[in-house]
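J.: Sharing target_21.cif here; it has mmCIF, C-alpha atoms.
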```
data_coords
#
loop_
_atom_site.label_atom_id
_atom_site.label_comp_id
_atom_site.auth_asym_id
_atom_site.auth_seq_id
_atom_site.Cartn_x
_atom_site.Cartn_y
_atom_site.Cartn_z
CA MET Y 1 121.56 0.38 84.09
CA SER Y 2 122.68 2.04 80.84
CA ALA Y 3 120.64 5.18 81.64
CA VAL Y 4 122.48 5.59 84.95
CA PHE Y 5 125.81 5.08 83.17
CA LEU Y 6 124.90 7.77 80.61
CA TYR Y 7 123.85 10.07 83.44
CA VAL Y 8 127.24 9.63 85.18
CA ILE Y 9 129.10 10.30 81.91
CA PHE Y 10 127.01 13.40 81.33
CA CYS Y 11 127.78 14.68 84.85
CA VAL Y 12 131.53 14.20 84.29
CA ILE Y 13 131.34 16.16 81.02
CA VAL Y 14 129.42 18.96 82.73
CA VAL Y 15 132.01 19.15 85.54
CA ILE Y 16 134.81 19.38 82.94
CA ILE Y 17 132.97 22.21 81.15
CA VAL Y 18 132.40 24.12 84.40
CA LYS Y 19 136.04 23.73 85.46
CA SER Y 20 137.21 24.97 82.06
CA GLY Y 21 135.57 28.32 82.84
CA LYS Y 22 138.22 29.21 85.44
CA LYS Y 23 138.93 32.89 85.89
CA THR Y 24 141.43 34.40 83.55
CA THR Y 25 142.84 37.89 83.64
CA SER Y 26 145.18 39.36 81.10
CA PHE Y 27 146.68 42.73 80.40
CA ARG Y 28 144.82 44.18 77.46
CA SER Y 29 147.41 46.65 76.22
CA ASN Y 30 145.30 47.76 73.26
CA ILE Y 31 142.47 48.82 75.59
CA VAL Y 32 144.92 50.61 77.91
CA SER Y 33 146.43 52.39 74.89
CA GLU Y 34 142.98 53.47 73.71
CA THR Y 35 142.17 54.72 77.21
CA LEU Y 36 145.44 56.65 77.39
CA ASN Y 37 144.67 58.22 74.03
CA ASP Y 38 141.23 59.23 75.34
CA ILE Y 39 142.91 60.74 78.42
CA ASP Y 40 145.27 62.71 76.19
CA ASN Y 41 142.20 64.36 74.65
CA MET Y 42 140.43 65.12 77.94
CA GLU Y 43 140.12 68.57 79.44
CA GLY Y 44 142.09 69.11 82.65
CA HIS Y 45 139.11 69.16 85.01
CA ASN Y 46 137.70 65.97 83.47
CA PHE Y 47 141.12 64.36 83.95
CA GLU Y 48 140.96 65.19 87.67
CA TYR Y 49 137.58 63.45 88.02
CA TYR Y 50 138.82 60.49 85.95
CA CYS Y 51 141.84 60.16 88.26
CA ALA Y 52 139.58 60.35 91.34
CA ASP Y 53 137.51 57.47 89.95
CA LEU Y 54 140.68 55.53 89.13
CA LEU Y 55 141.92 55.95 92.70
CA LYS Y 56 138.59 54.66 94.07
CA LYS Y 57 138.83 51.60 91.81
CA ASN Y 58 142.39 51.04 93.08
CA GLY Y 59 141.39 50.81 96.72
CA PHE Y 60 141.50 54.45 97.85
CA SER Y 61 138.65 55.72 100.02
CA LYS Y 62 137.34 59.13 101.07
CA VAL Y 63 138.31 60.37 97.59
CA VAL Y 64 137.42 64.05 97.20
CA VAL Y 65 138.12 66.38 94.27
CA THR Y 66 139.04 69.82 95.60
CA PRO Y 67 137.46 73.02 94.21
CA GLY Y 68 138.96 74.20 90.93
CA SER Y 69 140.31 77.53 92.12
CA GLY Y 70 142.32 78.04 95.28
CA ASP Y 71 143.08 74.34 95.61
CA GLN Y 72 146.61 75.05 96.87
CA GLY Y 73 148.13 72.68 94.33
CA VAL Y 74 146.03 69.68 95.35
CA ASP Y 75 143.31 68.33 93.05
CA ILE Y 76 142.33 65.18 94.98
CA ILE Y 77 142.46 64.11 98.59
CA ALA Y 78 142.27 60.35 99.21
CA VAL Y 79 143.01 57.77 101.89
CA LYS Y 80 144.48 54.29 101.56
CA ASP Y 81 145.62 52.00 104.36
CA GLY Y 82 145.25 54.84 106.88
CA VAL Y 83 147.50 57.20 104.89
CA LYS Y 84 146.05 60.49 103.64
CA TYR Y 85 147.24 61.51 100.16
CA ALA Y 86 147.28 64.88 98.40
CA VAL Y 87 147.20 64.34 94.62
CA GLN Y 88 148.05 66.89 91.95
CA CYS Y 89 146.74 65.81 88.51
CA LYS Y 90 148.46 67.20 85.44
CA LYS Y 91 147.37 66.36 81.90
CA TYR Y 92 150.26 67.50 79.74
CA SER Y 93 151.68 66.74 76.32
CA SER Y 94 155.27 67.36 77.46
CA ALA Y 95 157.37 66.46 80.50
CA LEU Y 96 156.34 68.09 83.78
CA SER Y 97 158.81 70.42 85.49
CA ASN Y 98 159.26 70.75 89.23
CA LYS Y 99 156.38 73.26 89.66
CA PRO Y 100 153.65 70.62 90.28
CA VAL Y 101 155.99 68.93 92.78
CA GLN Y 102 156.44 72.23 94.62
CA GLU Y 103 152.68 72.80 94.63
CA VAL Y 104 151.70 69.38 95.98
CA ALA Y 105 154.54 69.42 98.54
CA ALA Y 106 153.09 72.65 99.99
CA GLY Y 107 149.45 71.63 99.43
CA LYS Y 108 149.79 68.39 101.38
CA TYR Y 109 150.52 70.44 104.51
CA TYR Y 110 147.62 72.79 103.82
CA TYR Y 111 145.21 69.82 103.70
CA GLY Y 112 146.89 67.87 106.51
CA CYS Y 113 147.96 65.00 104.26
CA ASP Y 114 150.78 62.54 104.88
CA VAL Y 115 151.98 62.03 101.30
CA GLY Y 116 151.97 64.07 98.09
CA ILE Y 117 151.53 62.52 94.64
CA VAL Y 118 151.81 64.10 91.20
CA LEU Y 119 149.86 62.03 88.67
CA THR Y 120 150.24 62.73 84.95
CA ASN Y 121 149.56 61.28 81.53
CA SER Y 122 153.05 62.42 80.57
CA THR Y 123 156.54 62.15 82.10
CA PHE Y 124 158.72 64.22 84.45
CA THR Y 125 161.89 66.26 83.95
CA ALA Y 126 165.07 65.42 85.87
CA GLY Y 127 164.47 68.52 88.02
CA ALA Y 128 161.00 67.28 89.00
CA ILE Y 129 162.38 63.83 89.85
CA ASN Y 130 165.16 65.32 92.00
CA LEU Y 131 162.75 67.61 93.87
CA ALA Y 132 160.30 64.74 94.40
CA LYS Y 133 163.07 62.69 96.03
CA ALA Y 134 164.00 65.62 98.29
CA THR Y 135 160.37 66.26 99.34
CA ASN Y 136 159.27 62.58 99.52
CA THR Y 137 156.70 63.23 96.82
CA ILE Y 138 155.51 60.29 94.73
CA LEU Y 139 155.57 60.73 90.95
CA TRP Y 140 153.17 58.69 88.86
CA ASP Y 141 153.82 59.08 85.13
CA ARG Y 142 152.13 57.64 82.04
CA HIS Y 143 153.34 54.10 82.83
CA ASP Y 144 151.93 54.30 86.37
CA LEU Y 145 148.67 55.65 84.97
CA ALA Y 146 148.50 52.65 82.62
CA ARG Y 147 149.13 50.35 85.62
CA LEU Y 148 146.25 51.96 87.54
CA ILE Y 149 143.99 51.49 84.51
CA GLN Y 150 145.14 47.87 84.12
CA ASN Y 151 144.35 47.20 87.79
CA THR Y 152 140.77 48.38 87.31
CA MET Y 153 140.37 46.23 84.20
CA GLN Y 154 141.62 43.16 86.08
CA VAL Y 155 139.24 43.80 88.98
CA ASN Y 156 136.34 44.24 86.57
CA SER Y 157 137.39 41.13 84.63
CA GLU Y 158 137.67 39.05 87.82
CA GLU Y 159 134.23 40.20 88.99
CA THR Y 160 132.67 39.46 85.59
CA THR Y 161 134.36 36.05 85.40
CA GLN Y 162 133.17 35.15 88.91
CA ASN Y 163 129.60 36.23 88.05
CA ASN Y 164 129.73 34.24 84.80
CA ASN Y 165 131.01 31.16 86.64
CA ASN Y 166 128.25 31.45 89.23
CA ASN Y 167 125.63 31.77 86.48
CA LYS Y 168 127.12 28.84 84.58
CA LEU Y 169 127.10 26.68 87.70
CA ALA Y 170 123.44 27.52 88.43
CA VAL Y 171 122.44 26.52 84.89
CA VAL Y 172 124.43 23.29 85.10
CA VAL Y 173 122.83 22.33 88.41
CA PHE Y 174 119.38 23.06 86.99
CA ILE Y 175 120.06 20.93 83.90
CA LEU Y 176 121.42 18.07 86.02
CA ILE Y 177 118.32 18.07 88.18
CA ILE Y 178 116.04 17.89 85.14
CA ILE Y 179 118.13 15.19 83.46
CA GLY Y 180 118.32 13.23 86.71
CA ALA Y 181 114.55 13.39 87.09
CA LEU Y 182 113.99 12.31 83.49
CA LEU Y 183 116.44 9.42 83.84
CA CYS Y 184 114.82 8.28 87.06
CA LYS Y 185 111.42 8.34 85.37
CA LEU Y 186 112.84 6.40 82.41
CA ILE Y 187 114.44 3.80 84.69
CA MET Y 188 111.22 3.36 86.65
CA THR Y 189 109.20 3.03 83.43
CA LEU Y 190 111.59 0.45 81.97
CA GLY Y 191 112.17 -1.34 85.28
#
```
I'd like the structure from this file rewritten - as structure tokens, please.

T.:
Amino acid sequence: MSAVFLYVIFCVIVVIIVKSGKKTTSFRSNIVSETLNDIDNMEGHNFEYYCADLLKKNGFSKVVVTPGSGDQGVDIIAVKDGVKYAVQCKKYSSALSNKPVQEVAAGKYYYGCDVGIVLTNSTFTAGAINLAKATNTILWDRHDLARLIQNTMQVNSEETTQNNNNNKLAVVVFILIIIGALLCKLIMTLG
């Protein structure tokens, strides 16, 4: 009888351990800062490909980087929720003027897109913000870029946590089966 009691206690402890491994996601600002610093040191074309990957990881599909020359002010074309986006990527060390807004506003028509976005590792001037409002262009600055990076880290963290929990559960089940078999053998030997 005491072996069965110990087995039940052990199972309760194992359940508590498994439940303590619930998924946790947190904003890791130091990693985002390091990533932003890496972006600040990227070449422009590499930044475009990085942004394309970031869009994919944030739920955009049909993400295509346009050719380097003659792109009509659009670096990336992407689709999300049935909306086709024209994205102009600008890696700058100072605030962006209204020129990229003008380019993407024209380029979105060239590529048959619904919405234009200017995505930068920097900020925007008041003129760029005013023109974006007038042309219904979305401006994503350094803070929005950090948010996109954070979203990908949370998705990766959630996937890793789920995989770890599944692995932990498989090990626990295996251990319980072995312990159960050993206890049954012990009970039968003593009984």

J.: Can you pull out the residues contacting region 103-115 of chain Y? Cut-off 9 Å, using all atoms listed in the file, and skip same-chain residues under 5 positions away; I want them as a VMD selection string.

T.: chain Y and resid 71 to 75 77 to 78 83 to 88 98 132 135 to 138

J.: At what distance in Å, to one decimal, does CA of Leu131 (chain Y) lie from CA of Val65 (chain Y)?

T.: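 Those two atoms sit 24.7 Å apart.
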
J.: Name every residue that the PyMOL selection byres ((chain Y and resi 61) around 12) selects in this structure, writing the answer as a PyMOL selection string with chains first and numbers rising.

T.: chain Y and resi 52-60+62-64+76-85

J.: Between CA of Ile117 (chain Y) and CA of Leu145 (chain Y), what distance in Å does the model show, to one decimal?

T.: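 Distance between the two atoms: 12.2 Å.
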
J.: Quick one: distance from CA of Thr66 (chain Y) to CA of Gly127 (chain Y) in Å, one decimal?

T.: 26.6 Å

J.: Of the residues Y:Lys185, Y:Lys99, Y:His45, Y:Lys90, which is the one nearest to Ser122 (chain Y), using only C-alpha atoms?

T.: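 Of Y:Lys185, Y:Lys99, Y:His45, Y:Lys90, the one nearest Ser122 (chain Y) is Y:Lys90, counting only C-alpha atoms.
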
J.: Need the shell around region 93-97 of chain Y: protein/DNA/RNA residues with any atom at most 12 Å away, counting all atoms listed in the file. Skip same-chain ones fewer than 2 positions apart. Format as number ranges by chain?

T.: Y: 36-37, 39-42, 44, 88-91, 99-103, 118-132, 139-142
